[in-house]
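Participant: One file: coords-v2.txt (compact mmCIF, C-alpha atoms).
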# COMPACT_ATOMS: atom_id res chain seq x y z
CA MET A 73 0.00 0.00 0.00
CA ASN A 74 1.36 3.38 -1.00
CA LYS A 75 0.62 5.09 2.33
CA LYS A 76 2.64 7.03 4.87
CA LEU A 77 2.84 5.43 8.31
CA GLY A 78 3.28 7.15 11.67
CA TYR A 79 3.54 5.57 15.10
CA ILE A 80 4.02 6.14 18.83
CA SER A 81 5.11 3.27 21.07
CA LEU A 82 4.34 3.67 24.77
CA GLY A 83 5.20 1.60 27.83
CA CYS A 84 7.81 -1.11 28.19
CA SER A 85 10.45 -2.57 25.91
CA LYS A 86 8.18 -5.56 25.22
CA ASN A 87 5.71 -3.14 23.66
CA LEU A 88 8.55 -1.59 21.67
CA VAL A 89 9.40 -4.98 20.14
CA ASP A 90 5.76 -5.46 19.13
CA THR A 91 5.81 -2.02 17.51
CA GLU A 92 8.99 -2.85 15.61
CA LYS A 93 7.41 -6.03 14.28
CA MET A 94 4.23 -4.21 13.17
CA LEU A 95 6.28 -1.54 11.42
CA GLY A 96 8.42 -4.22 9.79
CA ILE A 97 5.35 -5.98 8.40
CA LEU A 98 3.92 -2.73 7.06
CA THR A 99 7.09 -1.26 5.56
CA ASN A 100 7.71 -4.62 3.91
CA ALA A 101 4.26 -4.21 2.32
CA GLY A 102 5.11 -0.77 0.91
CA PHE A 103 4.21 1.68 3.68
CA GLU A 104 6.59 4.63 4.09
CA LEU A 105 7.57 5.59 7.63
CA THR A 106 7.29 9.21 8.71
CA GLU A 107 8.10 10.91 12.01
CA ASP A 108 5.62 13.69 11.23
CA LEU A 109 2.20 12.41 12.29
CA SER A 110 0.49 15.25 10.43
CA GLU A 111 1.48 13.67 7.10
CA ALA A 112 0.75 10.04 8.05
CA HIS A 113 -2.20 8.28 6.39
CA VAL A 114 -2.11 5.52 9.02
CA ILE A 115 -1.16 6.16 12.66
CA ILE A 116 -0.44 3.35 15.14
CA ILE A 117 -0.49 4.03 18.89
CA ASN A 118 0.83 1.06 20.88
CA THR A 119 -0.61 1.59 24.36
CA CYS A 120 0.26 0.67 27.97
CA THR A 121 -2.00 -0.10 30.93
CA PHE A 122 0.45 -1.01 33.71
CA ILE A 123 -0.34 1.82 36.14
CA ASP A 124 -2.66 4.84 36.11
CA PRO A 125 -0.10 7.33 34.71
CA ALA A 126 0.57 4.92 31.83
CA LYS A 127 -3.15 4.64 31.12
CA ASP A 128 -3.56 8.41 31.19
CA GLU A 129 -0.64 8.88 28.81
CA SER A 130 -2.05 6.27 26.41
CA ILE A 131 -5.51 7.86 26.36
CA GLN A 132 -4.09 11.35 25.91
CA THR A 133 -1.85 10.15 23.06
CA LEU A 134 -4.83 8.51 21.31
CA LEU A 135 -6.86 11.71 21.64
CA GLU A 136 -4.01 13.79 20.22
CA ALA A 137 -3.54 11.35 17.33
CA ALA A 138 -7.28 11.49 16.62
CA GLU A 139 -6.95 15.22 15.94
CA TYR A 140 -4.88 14.42 12.84
CA LYS A 141 -8.08 13.20 11.22
CA LYS A 142 -9.09 16.87 11.20
CA THR A 143 -5.77 18.68 10.90
CA GLY A 144 -3.60 16.16 9.05
CA CYS A 145 -3.77 13.34 6.52
CA CYS A 146 -4.84 10.54 8.88
CA GLU A 147 -7.22 8.07 7.27
CA ARG A 148 -6.88 5.19 9.75
CA LEU A 149 -6.08 5.36 13.46
CA VAL A 150 -4.89 2.11 15.07
CA ALA A 151 -4.99 1.45 18.81
CA ALA A 152 -2.79 -1.50 19.78
CA GLY A 153 -1.33 -3.00 22.93
CA CYS A 154 -2.33 -3.49 26.55
CA LEU A 155 -4.81 -0.65 27.08
CA THR A 156 -6.60 -1.70 23.90
CA GLN A 157 -6.73 -5.30 25.08
CA GLN A 158 -8.25 -4.23 28.41
CA TYR A 159 -10.69 -1.55 27.25
CA LYS A 160 -11.42 -2.24 23.59
CA ARG A 161 -15.18 -1.61 23.81
CA ALA A 162 -14.84 1.44 26.05
CA LEU A 163 -12.20 2.95 23.75
CA SER A 164 -14.41 2.33 20.73
CA LYS A 165 -17.20 4.26 22.40
CA GLU A 166 -15.16 7.08 23.96
CA ILE A 167 -12.78 7.69 21.04
CA PRO A 168 -14.84 6.99 17.90
CA GLU A 169 -11.99 8.19 15.69
CA ILE A 170 -10.17 4.89 16.31
CA ASP A 171 -10.67 2.61 13.30
CA ILE A 172 -8.67 -0.48 14.18
CA PHE A 173 -8.15 -2.28 17.50
CA ILE A 174 -5.22 -4.70 17.80
CA GLY A 175 -4.77 -6.94 20.84
CA THR A 176 -1.48 -7.87 22.45
CA ASP A 177 -1.18 -11.21 20.63
CA SER A 178 -2.53 -9.87 17.35
CA TRP A 179 0.20 -7.45 16.24
CA GLN A 180 1.01 -9.99 13.52
CA ASP A 181 -2.43 -9.24 11.96
CA ILE A 182 -1.74 -5.54 11.49
CA LEU A 183 -1.52 -5.59 7.69
CA ASP A 184 -4.65 -7.69 7.24
CA ALA A 185 -6.55 -5.43 9.65
CA ILE A 186 -5.57 -2.25 7.79
CA VAL A 187 -6.39 -3.75 4.39
CA GLU A 188 -9.75 -4.95 5.71
CA SER A 189 -10.49 -1.49 7.11
CA TYR A 190 -9.96 0.12 3.71
CA GLN A 191 -11.96 -2.59 1.97
CA GLN A 192 -14.83 -2.27 4.45
CA ASN A 193 -14.96 1.50 3.90
CA GLY A 194 -14.10 2.45 7.45
CA LYS A 195 -15.96 -0.24 9.40
CA LYS A 196 -14.31 -0.71 12.78
CA ILE A 197 -11.93 -3.68 12.83
CA PHE A 198 -11.21 -5.70 15.98
CA ARG A 199 -8.35 -8.21 16.05
CA PHE A 200 -7.87 -10.04 19.36
CA ASP A 201 -6.94 -13.45 20.73
CA THR A 202 -4.75 -14.47 17.83
CA ALA A 203 -2.59 -17.50 18.59
CA PRO A 204 0.96 -16.46 19.61
CA CYS A 205 3.31 -16.06 16.66
CA GLU A 206 5.23 -19.31 16.31
CA HIS A 207 8.08 -18.03 14.13
CA GLU A 208 8.84 -14.48 15.25
CA GLU A 209 12.33 -14.72 13.82
CA LEU A 210 10.79 -14.74 10.33
CA VAL A 211 8.80 -11.54 10.88
CA PRO A 212 10.42 -8.44 9.31
CA ARG A 213 11.44 -5.89 11.92
CA GLN A 214 11.89 -2.12 11.71
CA SER A 215 14.45 -1.20 14.36
CA LEU A 216 13.57 1.74 16.63
CA THR A 217 16.69 1.43 18.76
CA PRO A 218 20.26 2.42 17.82
CA GLU A 219 21.76 0.10 15.24
CA TYR A 220 24.15 -1.43 17.78
CA SER A 221 21.50 -2.41 20.37
CA ALA A 222 18.26 -4.40 20.27
CA TYR A 223 15.66 -5.91 22.55
CA VAL A 224 14.74 -9.56 22.01
CA LYS A 225 11.53 -10.82 23.60
CA ILE A 226 11.98 -14.48 24.52
CA ALA A 227 8.59 -15.06 26.16
CA GLU A 228 5.15 -13.51 26.32
CA GLY A 229 2.71 -13.40 29.22
CA CYS A 230 3.15 -14.35 32.88
CA ASN A 231 2.07 -17.10 35.27
CA ASN A 232 2.88 -15.37 38.56
CA GLY A 233 -0.56 -13.90 39.27
CA CYS A 234 0.51 -11.02 41.53
CA THR A 235 -2.60 -9.42 43.03
CA PHE A 236 -1.67 -5.90 41.89
CA CYS A 237 -0.84 -6.64 38.26
CA TYR A 238 -3.17 -6.72 35.26
CA ILE A 239 -0.50 -7.83 32.79
CA PRO A 240 -1.44 -11.57 32.87
CA TYR A 241 -5.01 -10.58 31.97
CA VAL A 242 -3.91 -8.65 28.88
CA ARG A 243 -0.80 -10.65 27.92
CA GLY A 244 -2.06 -14.10 28.90
CA ALA A 245 -0.25 -17.07 30.40
CA MET A 246 3.46 -17.45 29.84
CA HIS A 247 4.40 -18.59 26.35
CA SER A 248 8.12 -19.14 25.80
CA ARG A 249 9.73 -19.12 22.38
CA PRO A 250 11.81 -22.16 21.44
CA ILE A 251 15.56 -21.73 21.78
CA GLY A 252 16.09 -22.14 18.05
CA SER A 253 13.70 -19.30 17.23
CA VAL A 254 15.49 -16.90 19.59
CA VAL A 255 18.94 -17.91 18.33
CA ARG A 256 17.95 -17.36 14.70
CA GLU A 257 16.55 -13.89 15.49
CA VAL A 258 19.69 -12.89 17.39
CA LYS A 259 21.90 -14.08 14.54
CA ALA A 260 19.85 -11.99 12.11
CA LEU A 261 20.24 -8.94 14.35
CA THR A 262 23.99 -9.34 14.71
CA ALA A 263 24.27 -9.70 10.93
CA VAL A 264 23.06 -6.09 10.58
CA GLY A 265 25.36 -4.66 13.24
CA VAL A 266 23.70 -5.26 16.62
CA LYS A 267 26.29 -5.78 19.37
CA GLU A 268 24.18 -5.49 22.52
CA ILE A 269 21.32 -7.95 22.99
CA ASN A 270 18.83 -7.13 25.73
CA LEU A 271 16.77 -10.22 26.57
CA ILE A 272 13.31 -9.35 27.88
CA ALA A 273 10.23 -11.11 29.23
CA GLN A 274 7.76 -10.49 32.01
CA ASP A 275 9.69 -13.08 34.05
CA LEU A 276 12.96 -13.99 32.38
CA SER A 277 14.09 -16.52 34.99
CA CYS A 278 10.90 -18.52 34.41
CA TYR A 279 11.66 -18.84 30.69
CA GLY A 280 11.03 -22.29 29.24
CA ARG A 281 9.16 -23.84 32.16
CA ASP A 282 5.90 -23.80 30.18
CA LEU A 283 7.45 -25.79 27.32
CA LYS A 284 7.98 -28.78 29.63
CA ASP A 285 10.88 -30.09 27.52
CA GLY A 286 13.80 -29.02 29.68
CA THR A 287 14.18 -25.60 28.06
CA ASN A 288 15.43 -22.94 30.47
CA LEU A 289 17.30 -19.66 30.48
CA CYS A 290 20.69 -21.24 31.04
CA LYS A 291 20.33 -23.48 27.98
CA LEU A 292 19.34 -20.47 25.87
CA LEU A 293 22.26 -18.38 27.11
CA LYS A 294 24.74 -21.16 26.40
CA GLU A 295 23.64 -21.06 22.76
CA LEU A 296 23.61 -17.27 22.49
CA VAL A 297 27.15 -16.80 23.80
CA LYS A 298 28.39 -18.90 20.87
CA ILE A 299 27.33 -16.16 18.41
CA ASP A 300 30.56 -14.39 17.44
CA LYS A 301 29.34 -10.84 16.84
CA ILE A 302 27.59 -10.39 20.20
CA LYS A 303 29.46 -8.13 22.59
CA TRP A 304 26.99 -7.81 25.49
CA ILE A 305 23.99 -9.89 26.54
CA ARG A 306 21.88 -8.16 29.18
CA LEU A 307 19.13 -9.84 31.23
CA PHE A 308 15.96 -8.00 32.20
CA TYR A 309 13.39 -8.86 34.86
CA LEU A 310 14.79 -11.90 36.62
CA TYR A 311 12.20 -12.71 39.27
CA PRO A 312 13.86 -14.19 42.36
CA THR A 313 11.76 -17.38 42.58
CA TYR A 314 13.56 -19.26 39.78
CA PHE A 315 16.93 -17.50 39.96
CA THR A 316 19.05 -20.64 40.25
CA ASP A 317 22.64 -21.18 41.34
CA GLU A 318 23.31 -22.49 37.82
CA LEU A 319 22.19 -19.18 36.34
CA LEU A 320 24.34 -17.19 38.76
CA ASP A 321 27.35 -19.34 37.92
CA LEU A 322 26.76 -18.82 34.19
CA ILE A 323 26.48 -15.03 34.59
CA THR A 324 29.76 -14.84 36.49
CA LYS A 325 31.71 -17.07 34.10
CA GLU A 326 30.50 -16.04 30.63
CA ALA A 327 32.28 -12.90 29.43
CA LYS A 328 29.49 -11.88 27.03
CA ILE A 329 26.79 -11.88 29.73
CA CYS A 330 26.71 -8.49 31.47
CA LYS A 331 27.34 -8.69 35.20
CA TYR A 332 24.01 -6.97 35.74
CA VAL A 333 20.71 -8.30 37.02
CA ASP A 334 17.36 -6.53 37.23
CA ILE A 335 15.26 -8.22 39.94
CA PRO A 336 11.82 -6.67 40.59
CA LEU A 337 11.38 -7.48 44.29
CA GLN A 338 8.43 -5.10 44.99
CA HIS A 339 8.81 -5.33 48.80
CA ILE A 340 10.58 -7.05 51.68
CA SER A 341 7.86 -7.24 54.34
CA ASP A 342 6.39 -10.75 54.50
CA ASN A 343 3.03 -9.17 55.33
CA VAL A 344 3.04 -7.21 52.07
CA LEU A 345 4.60 -9.98 49.97
CA GLN A 346 1.86 -12.39 51.02
CA ARG A 347 -0.88 -9.88 50.15
CA MET A 348 0.81 -9.34 46.79
CA ARG A 349 0.77 -13.13 46.32
CA ARG A 350 4.49 -13.15 45.66
CA GLN A 351 6.16 -16.55 45.89
CA ASP A 352 9.17 -15.22 47.78
CA THR A 353 9.78 -14.39 51.43
CA ALA A 354 12.05 -11.91 53.14
CA GLU A 355 14.34 -14.81 54.01
CA SER A 356 14.56 -16.23 50.46
CA ILE A 357 15.11 -12.75 49.00
CA ARG A 358 17.97 -11.99 51.40
CA LEU A 359 19.53 -15.38 50.65
CA LEU A 360 19.58 -14.65 46.92
CA LEU A 361 20.87 -11.11 47.38
CA HIS A 362 23.64 -12.39 49.64
CA LYS A 363 24.75 -14.76 46.87
CA LEU A 364 24.68 -11.95 44.32
CA LYS A 365 26.65 -9.62 46.58
CA GLN A 366 29.29 -12.30 47.21
CA ALA A 367 29.68 -13.19 43.52
CA GLN A 368 32.94 -12.53 41.71
CA PRO A 369 33.34 -10.63 39.48
CA LYS A 370 30.99 -8.05 41.01
CA ILE A 371 27.38 -8.15 39.79
CA THR A 372 25.40 -4.92 39.60
CA VAL A 373 21.98 -5.41 41.20
CA ARG A 374 18.99 -3.29 40.28
CA THR A 375 15.48 -3.66 41.68
CA THR A 376 12.01 -2.14 41.53
CA LEU A 377 9.93 -1.54 44.66
CA MET A 378 6.34 -0.54 45.33
CA VAL A 379 5.07 1.72 48.10
CA GLY A 380 1.51 2.12 49.34
CA PHE A 381 0.23 -1.37 48.60
CA PRO A 382 -3.09 -2.04 50.39
CA GLY A 383 -2.42 -2.93 54.00
CA GLU A 384 1.16 -1.59 54.01
CA THR A 385 1.63 -0.30 57.54
CA ASP A 386 4.13 2.25 58.82
CA SER A 387 6.07 -0.69 60.20
CA ASP A 388 6.10 -2.44 56.80
CA PHE A 389 7.39 0.70 55.13
CA GLU A 390 10.10 1.26 57.73
CA GLU A 391 11.19 -2.34 57.20
CA LEU A 392 11.48 -1.59 53.49
CA CYS A 393 13.59 1.52 54.14
CA GLU A 394 15.94 -0.38 56.45
CA PHE A 395 16.20 -3.12 53.82
CA ILE A 396 17.38 -0.58 51.24
CA LYS A 397 20.01 0.74 53.64
CA GLU A 398 21.11 -2.82 54.38
CA ILE A 399 21.45 -4.06 50.80
CA ARG A 400 22.60 -0.79 49.17
CA PHE A 401 21.28 -1.57 45.69
CA ASP A 402 23.38 -0.25 42.81
CA ASP A 403 20.23 1.06 41.10
CA LEU A 404 16.64 1.19 42.23
CA GLY A 405 13.32 2.31 40.82
CA ALA A 406 10.07 2.72 42.73
CA PHE A 407 6.44 3.51 42.04
CA MET A 408 3.31 4.16 44.02
CA TYR A 409 0.63 1.48 44.00
CA SER A 410 -2.45 2.33 41.96
CA PRO A 411 -5.56 0.08 41.87
CA GLN A 412 -6.05 -1.70 38.55
CA ASP A 413 -9.54 -2.69 37.42
CA GLY A 414 -10.06 -6.43 37.65
CA THR A 415 -7.17 -7.19 40.00
CA PRO A 416 -7.66 -8.64 43.51
CA ALA A 417 -5.65 -5.85 45.16
CA ALA A 418 -8.07 -3.22 43.89
CA HIS A 419 -10.74 -4.62 46.24
CA MET A 420 -8.55 -5.23 49.27
CA PRO A 421 -9.31 -3.40 52.53
CA ASN A 422 -6.95 -0.84 54.06
CA GLN A 423 -6.17 1.07 50.88
CA VAL A 424 -3.36 3.55 51.60
CA PRO A 425 -4.21 7.26 51.11
CA GLU A 426 -2.54 8.96 48.14
CA SER A 427 -0.83 11.51 50.37
CA VAL A 428 0.79 8.70 52.38
CA LYS A 429 1.90 6.91 49.20
CA GLU A 430 3.54 10.06 47.91
CA GLU A 431 5.29 10.77 51.21
CA ARG A 432 6.63 7.23 51.35
CA TYR A 433 7.77 7.34 47.73
CA HIS A 434 9.80 10.51 48.20
CA LYS A 435 11.36 9.25 51.44
CA LEU A 436 12.36 5.97 49.82
CA MET A 437 13.88 7.63 46.76
CA ALA A 438 15.80 10.12 48.92
CA ILE A 439 17.39 7.20 50.77
CA GLN A 440 18.34 5.54 47.50
CA ALA A 441 19.71 8.77 45.95
CA LYS A 442 22.21 9.07 48.82
CA ILE A 443 23.19 5.40 48.45
CA SER A 444 23.55 5.71 44.67
CA GLU A 445 25.82 8.73 44.99
CA GLU A 446 27.99 6.94 47.55
CA ASN A 447 28.13 3.86 45.32
CA ASP A 448 29.10 5.94 42.28
CA ARG A 449 31.78 7.88 44.16
CA ALA A 450 33.24 4.58 45.30
CA LEU A 451 33.83 3.78 41.61
CA ILE A 452 36.25 6.71 41.16
CA GLY A 453 39.58 5.38 39.94
CA THR A 454 38.17 2.12 38.59
CA THR A 455 38.04 1.19 34.91
CA THR A 456 35.10 -0.13 32.93
CA GLU A 457 33.98 -0.86 29.40
CA VAL A 458 31.63 1.74 27.93
CA LEU A 459 29.30 1.64 24.93
CA ILE A 460 29.29 5.09 23.32
CA GLU A 461 25.83 6.30 22.30
CA GLU A 462 26.17 9.99 21.49
CA ILE A 463 28.86 12.57 20.71
CA LEU A 464 28.15 15.95 22.28
CA LYS A 465 29.77 19.23 21.19
CA ASP A 466 29.33 22.69 22.65
CA LYS A 467 29.63 25.99 20.79
CA LYS A 468 33.36 26.14 21.46
CA GLY A 469 33.90 22.72 19.92
CA PHE A 470 34.47 20.90 23.22
CA VAL A 471 33.77 17.22 22.68
CA GLN A 472 32.14 14.95 25.22
CA ALA A 473 30.91 11.43 24.61
CA LYS A 474 27.82 10.08 26.31
CA GLY A 475 27.53 6.36 26.83
CA ARG A 476 26.67 3.50 29.14
CA ALA A 477 29.03 1.43 31.21
CA ILE A 478 28.56 -2.31 31.12
CA PHE A 479 26.68 -1.97 34.44
CA GLN A 480 24.21 0.62 33.08
CA ALA A 481 21.12 -0.58 31.21
CA PRO A 482 19.45 1.46 28.43
CA GLU A 483 16.71 3.91 29.47
CA VAL A 484 16.45 2.95 33.15
CA ASP A 485 19.92 3.68 34.54
CA GLY A 486 22.27 6.66 34.42
CA ASN A 487 24.98 7.44 31.86
CA ILE A 488 28.71 7.98 31.81
CA TYR A 489 30.15 11.11 30.21
CA VAL A 490 33.62 10.74 28.75
CA GLU A 491 35.43 14.07 28.57
CA GLY A 492 37.72 15.18 25.80
CA SER A 493 37.06 12.10 23.71
CA LYS A 494 38.04 12.22 20.06
CA ASP A 495 37.99 9.73 17.21
CA ILE A 496 35.17 7.67 18.69
CA LEU A 497 31.71 7.07 17.27
CA PRO A 498 28.32 5.89 18.55
CA GLY A 499 28.43 2.11 18.80
CA ASP A 500 32.10 1.99 19.81
CA PHE A 501 33.16 0.10 22.92
CA ILE A 502 35.99 1.83 24.80
CA LYS A 503 37.83 1.46 28.10
CA VAL A 504 37.18 4.32 30.52
CA ARG A 505 38.62 5.35 33.88
CA ILE A 506 35.95 6.84 36.16
CA THR A 507 36.96 10.24 37.52
CA ASP A 508 33.78 11.42 39.30
CA GLY A 509 30.42 10.09 40.41
CA TYR A 510 27.00 11.54 41.17
CA ALA A 511 23.63 10.12 42.22
CA TYR A 512 22.79 8.92 38.72
CA ASP A 513 25.63 9.68 36.30
CA LEU A 514 29.38 9.18 36.10
CA ILE A 515 32.27 11.13 34.58
CA GLY A 516 35.23 9.37 33.01
CA GLU A 517 38.22 9.61 30.72
CA LYS A 518 39.16 7.36 27.83
CA ILE A 519 42.11 5.09 28.50
Please re-express this file's structure in C-alpha cells.

Facilitator:
Amino acid sequence: MNKKLGYISLGCSKNLVDTEKMLGILTNAGFELTEDLSEAHVIIINTCTFIDPAKDESIQTLLEAAEYKKTGCCERLVAAGCLTQQYKRALSKEIPEIDIFIGTDSWQDILDAIVESYQQNGKKIFRFDTAPCEHEELVPRQSLTPEYSAYVKIAEGCNNGCTFCYIPYVRGAMHSRPIGSVVREVKALTAVGVKEINLIAQDLSCYGRDLKDGTNLCKLLKELVKIDKIKWIRLFYLYPTYFTDELLDLITKEAKICKYVDIPLQHISDNVLQRMRRQDTAESIRLLLHKLKQAQPKITVRTTLMVGFPGETDSDFEELCEFIKEIRFDDLGAFMYSPQDGTPAAHMPNQVPESVKEERYHKLMAIQAKISEENDRALIGTTTEVLIEEILKDKKGFVQAKGRAIFQAPEVDGNIYVEGSKDILPGDFIKVRITDGYAYDLIGEKI
C-alpha cells in the first residue's frame, strides 16, 4: 500500500518490540515511515495499561492522534497493545476516531486489519486473541533502537498472578519461544550490526518452564554466547523465585553476559509480599541477594519496589527503608501502587491514602539517591567498558561522549560522560577510567 505510516510506542520494551514487528510488516508491504504524524495516512499508537499514569498517557496520546483526522492526513487510526486489550469496547465508544483495535497477541495481523479497514470502507476492525506467533524470527522488523542495540523478547505473558498486576489478563499465560527461534533472530540482528542484545520477558528466569521439555534460560544463554558478533547480553526482569545457582554461575563465568541483574522485588515485608501473592519471602530474597553480593566478578543489582500497597503499615514501610540501607542496591526504581480494574488488590481493605503513598515514595527515593551517589563515588579510579551512544559538542567545539558502562542498562539507569574524547563514534566500545560520580551519572576519561 502506498501510504505514509506514523507511530508512537508507549510503555515497556516488550511493547517496543511489538511495535517494531508491526512496522516491519507494514514497511515490507510498501508503507513509508514518517516521524511527522500530520502527514501520516495511518497512525499506530501502541498503548500501555500497567499503572494509572501509563493509562492516562495512552488515552491522551490517542486523543491527540485522533486530531490528525481533522488537521492532518490521517485516514486510519490504530490502537494496539495493553490498554486496547483491556478496554477495547470502552475505547471504541469514547474515542470513535479509532478505526482499528489490535490486541497484544494480534500485532502480527496488522496488515490484514488495515487492508480490511480500507476494503470495508471504514468499518471498525477488531483483532484479538490471535494464537501467539510461532516463528517471530521470520517476521520483518523495523528497528527503533540504535543500530548497535536491540531488545529480544523471549517469552510472552506471565504465570505469577501477583494481586496488583493486570498484565497476565492482557498478555495471557506465559508462552516461551523455542531456543532455536530466539537464536535465529539474534543471529539476524547481529548480521546487521547489533552488538548489545537485551533479553526481555515479564519473568525472564521462568523462561522455558511452560514448554515442559527441559528448556530454560541457562540453555538459551549457552547457545547465544556462541554467536561471534555479540558483545553484550543483558538480562531484564529476573524474578527471584527461579533464579538458580546455575544461572548465577553462568552469569559470572560467561564474558558476554553483562554482570548486571534486574530483579523486581516489589517489597521485603512478608506481610506485604503475602498480600501481593508473591512466591518469595524476606528470608529467600535476602539469601539470593547475599549470593549476588558475594559473587565474583561483582554483579550490579537493580530492583524495583512498590510503596503504598493495600495494608502496608508504617512498620512495613520502615522495614522496606531499612532493607534498602542494608542491601545498598546499585540502582533502584520505585512507584506508588495504583488500583487496577479487575485485580484482587483493587478490592482489598486498608487502601493507603494517596498523600501517604507520595510521602513514602519521596522518602524511599531520597534514601536511595544518597546510596547511589555513595556507590558511584566509590567507583572513582576504577576502569570499565563503555558503549558510546552519542557525541556531544558545545559551541566552542568541546567534545564529550555520552555512553553507558557495562553496568548501566538502556533507558532505566544513568549514563557515563567521557570528557575530551576524540575519534570515537556511537556504537564503539571503549575502556574508561571513572573520575567522578554523582547520584545517577558518572564522569570518566578514555584510556

Participant: Here is a test: counting only C-alpha atoms, which residue of A:Gly475, A:Gly383, A:Gly153, A:Gly96 is nearest to A:Asp342?

Facilitator: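 Residue with the minimum atom-to-atom distance to A:Asp342: A:Gly383.
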
Participant: If we draw a sphere of 8 Å around (-2.6, 3.5, 14.5), which residues have at least one atom in it when counting only C-alpha atoms? Please report them as a VMD selection string.

Facilitator: chain A and resid 78 to 79 114 to 118 148 to 152 170 172

Participant: As an exercise, work out the distance from atom CA of A:Glu169 to atom CA of A:Gly194 in Å and give it to one decimal place.

Facilitator: 10.3 Å

Participant: Pick out the residues sitting within 9 Å of A:Asp448, and hand them over as a compact mmCIF listing (two decimals) with C-alpha atoms, in the coordinates of the input; count only C-alpha atoms, and ignore anything fewer than 2 positions along from it in its own chain.

Facilitator:
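And here is the file that came out, result32.txt:
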# COMPACT_ATOMS: atom_id res chain seq x y z
CA ASP A 402 23.38 -0.25 42.81
CA ILE A 443 23.19 5.40 48.45
CA SER A 444 23.55 5.71 44.67
CA GLU A 445 25.82 8.73 44.99
CA GLU A 446 27.99 6.94 47.55
CA ALA A 450 33.24 4.58 45.30
CA LEU A 451 33.83 3.78 41.61
CA ILE A 452 36.25 6.71 41.16
CA ASP A 508 33.78 11.42 39.30
CA GLY A 509 30.42 10.09 40.41
CA TYR A 510 27.00 11.54 41.17
CA ALA A 511 23.63 10.12 42.22
CA TYR A 512 22.79 8.92 38.72
CA ASP A 513 25.63 9.68 36.30
CA LEU A 514 29.38 9.18 36.10

Participant: So, with only C-alpha atoms as the atoms that count, which of A:Met73, A:Ile463, A:Ile123, A:Ile186 lies closest to A:Gly102?

Facilitator: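 Under the stated criterion, the closest residue is A:Met73.
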
Participant: So that I can check the surroundings of A:Ile340, please list as a PDB file with C-alpha atoms, in the coordinates of the input every protein, DNA and RNA residue that reaches within 8 Å of it, counting only C-alpha atoms and ignoring chain neighbours fewer than 5 positions away.

Facilitator:
ATOM      1  CA  LEU A 345       4.600  -9.980  49.970  1.00  0.00           C
ATOM      2  CA  THR A 353       9.780 -14.390  51.430  1.00  0.00           C
ATOM      3  CA  ALA A 354      12.050 -11.910  53.140  1.00  0.00           C
ATOM      4  CA  ILE A 357      15.110 -12.750  49.000  1.00  0.00           C
ATOM      5  CA  GLU A 391      11.190  -2.340  57.200  1.00  0.00           C
ATOM      6  CA  LEU A 392      11.480  -1.590  53.490  1.00  0.00           C
ATOM      7  CA  PHE A 395      16.200  -3.120  53.820  1.00  0.00           C
TER       8      PHE A 395
END

Participant: In Å, rounded to a single decimal, give me how far atom CA of A:Ser410 is from atom CA of A:Asp124.

Facilitator: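 Atom-to-atom, atom CA of A:Asp124 to atom CA of A:Ser410, that is 6.4 Å.
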
Participant: Have a look at atom CA of A:Lys435 and atom CA of A:Glu394 and let me know their distance in Å, one decimal.

Facilitator: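 Taking atom CA of A:Lys435 as the start and atom CA of A:Glu394 as the end point, the length is 11.8 Å.
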
Participant: Just the residues within 7 Å of A:Arg374, please, counting only C-alpha atoms, with nothing from its chain fewer than 4 positions along; format it as a PyMOL selection string.

Facilitator: chain A and resi 333-335+401-404

Participant: Between A:Lys465, A:Lys291, A:Lys331, A:Lys303, which residue has the minimum interatomic distance to A:Thr262, considering all atoms listed in the file?

Facilitator: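 Of A:Lys465, A:Lys291, A:Lys331, A:Lys303, the one nearest A:Thr262 is A:Lys303, counting all atoms listed in the file.
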
Participant: I'd like the neighbourhood of A:Pro382 as a PDB file with C-alpha atoms, in the frame of the given file, where a residue qualifies if any of its atoms comes within 8 Å (using all atoms listed in the file), though same-chain residues fewer than 3 positions away should be ignored.

Facilitator:
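Saved the output as selection16.pdb:
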ATOM      1  CA  ALA A 417      -5.650  -5.850  45.160  1.00  0.00           C
ATOM      2  CA  MET A 420      -8.550  -5.230  49.270  1.00  0.00           C
ATOM      3  CA  PRO A 421      -9.310  -3.400  52.530  1.00  0.00           C
ATOM      4  CA  ASN A 422      -6.950  -0.840  54.060  1.00  0.00           C
ATOM      5  CA  GLN A 423      -6.170   1.070  50.880  1.00  0.00           C
ATOM      6  CA  VAL A 424      -3.360   3.550  51.600  1.00  0.00           C
TER       7      VAL A 424
END

Participant: So that I can check the surroundings of A:Val266, please list as a PyMOL selection string every protein, DNA and RNA residue that reaches within 8 Å of it, counting all atoms listed in the file and ignoring chain neighbours fewer than 6 positions away.

Facilitator: chain A and resi 219-222+301-302

Participant: Select, from A:Lys93, A:Lys196, A:Lys127, A:Lys165, the residue with the minimum atom-to-atom distance to A:Leu210, counting all atoms listed in the file.

Facilitator: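 Smallest distance to A:Leu210 is found for A:Lys93.
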
Participant: Using all atoms listed in the file, find all polymer residues with an atom at most 6 Å away from the point (4.2, 10.8, 5.2); report them as a ChimeraX atom specification.

Facilitator: /A:76,106,111-112

Participant: With distances taken over only C-alpha atoms, which of A:Met348, A:Cys120, A:Leu183, A:Leu271 is nearest to A:Asn232?

Facilitator: A:Met348

Participant: Smallest atom-to-atom distance to A:Leu289: which of A:Glu228, A:Glu318, A:Glu268, A:Glu188, using all atoms listed in the file?

Facilitator: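 Result for the nearest residue to A:Leu289: A:Glu318.
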
Participant: Could you please fill out stretch 384-388 of chain A with N, CA and C atoms and send it back as an mmCIF file, in the frame of the given file?

Facilitator:
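So the final result, stored in out13.cif, reads:
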data_model
loop_
_atom_site.group_PDB
_atom_site.id
_atom_site.type_symbol
_atom_site.label_atom_id
_atom_site.label_comp_id
_atom_site.auth_asym_id
_atom_site.auth_seq_id
_atom_site.Cartn_x
_atom_site.Cartn_y
_atom_site.Cartn_z
ATOM 1 N N GLU A 384 -0.212 -1.917 53.621
ATOM 2 C CA GLU A 384 1.160 -1.590 54.010
ATOM 3 C C GLU A 384 1.130 -0.643 55.201
ATOM 4 N N THR A 385 1.631 -1.104 56.313
ATOM 5 C CA THR A 385 1.630 -0.300 57.540
ATOM 6 C C THR A 385 2.890 0.556 57.603
ATOM 7 N N ASP A 386 2.915 1.470 58.585
ATOM 8 C CA ASP A 386 4.130 2.250 58.820
ATOM 9 C C ASP A 386 5.302 1.332 59.124
ATOM 10 N N SER A 387 5.026 0.272 59.858
ATOM 11 C CA SER A 387 6.070 -0.690 60.200
ATOM 12 C C SER A 387 6.599 -1.401 58.956
ATOM 13 N N ASP A 388 5.690 -1.797 58.052
ATOM 14 C CA ASP A 388 6.100 -2.440 56.800
ATOM 15 C C ASP A 388 7.001 -1.513 55.986
#
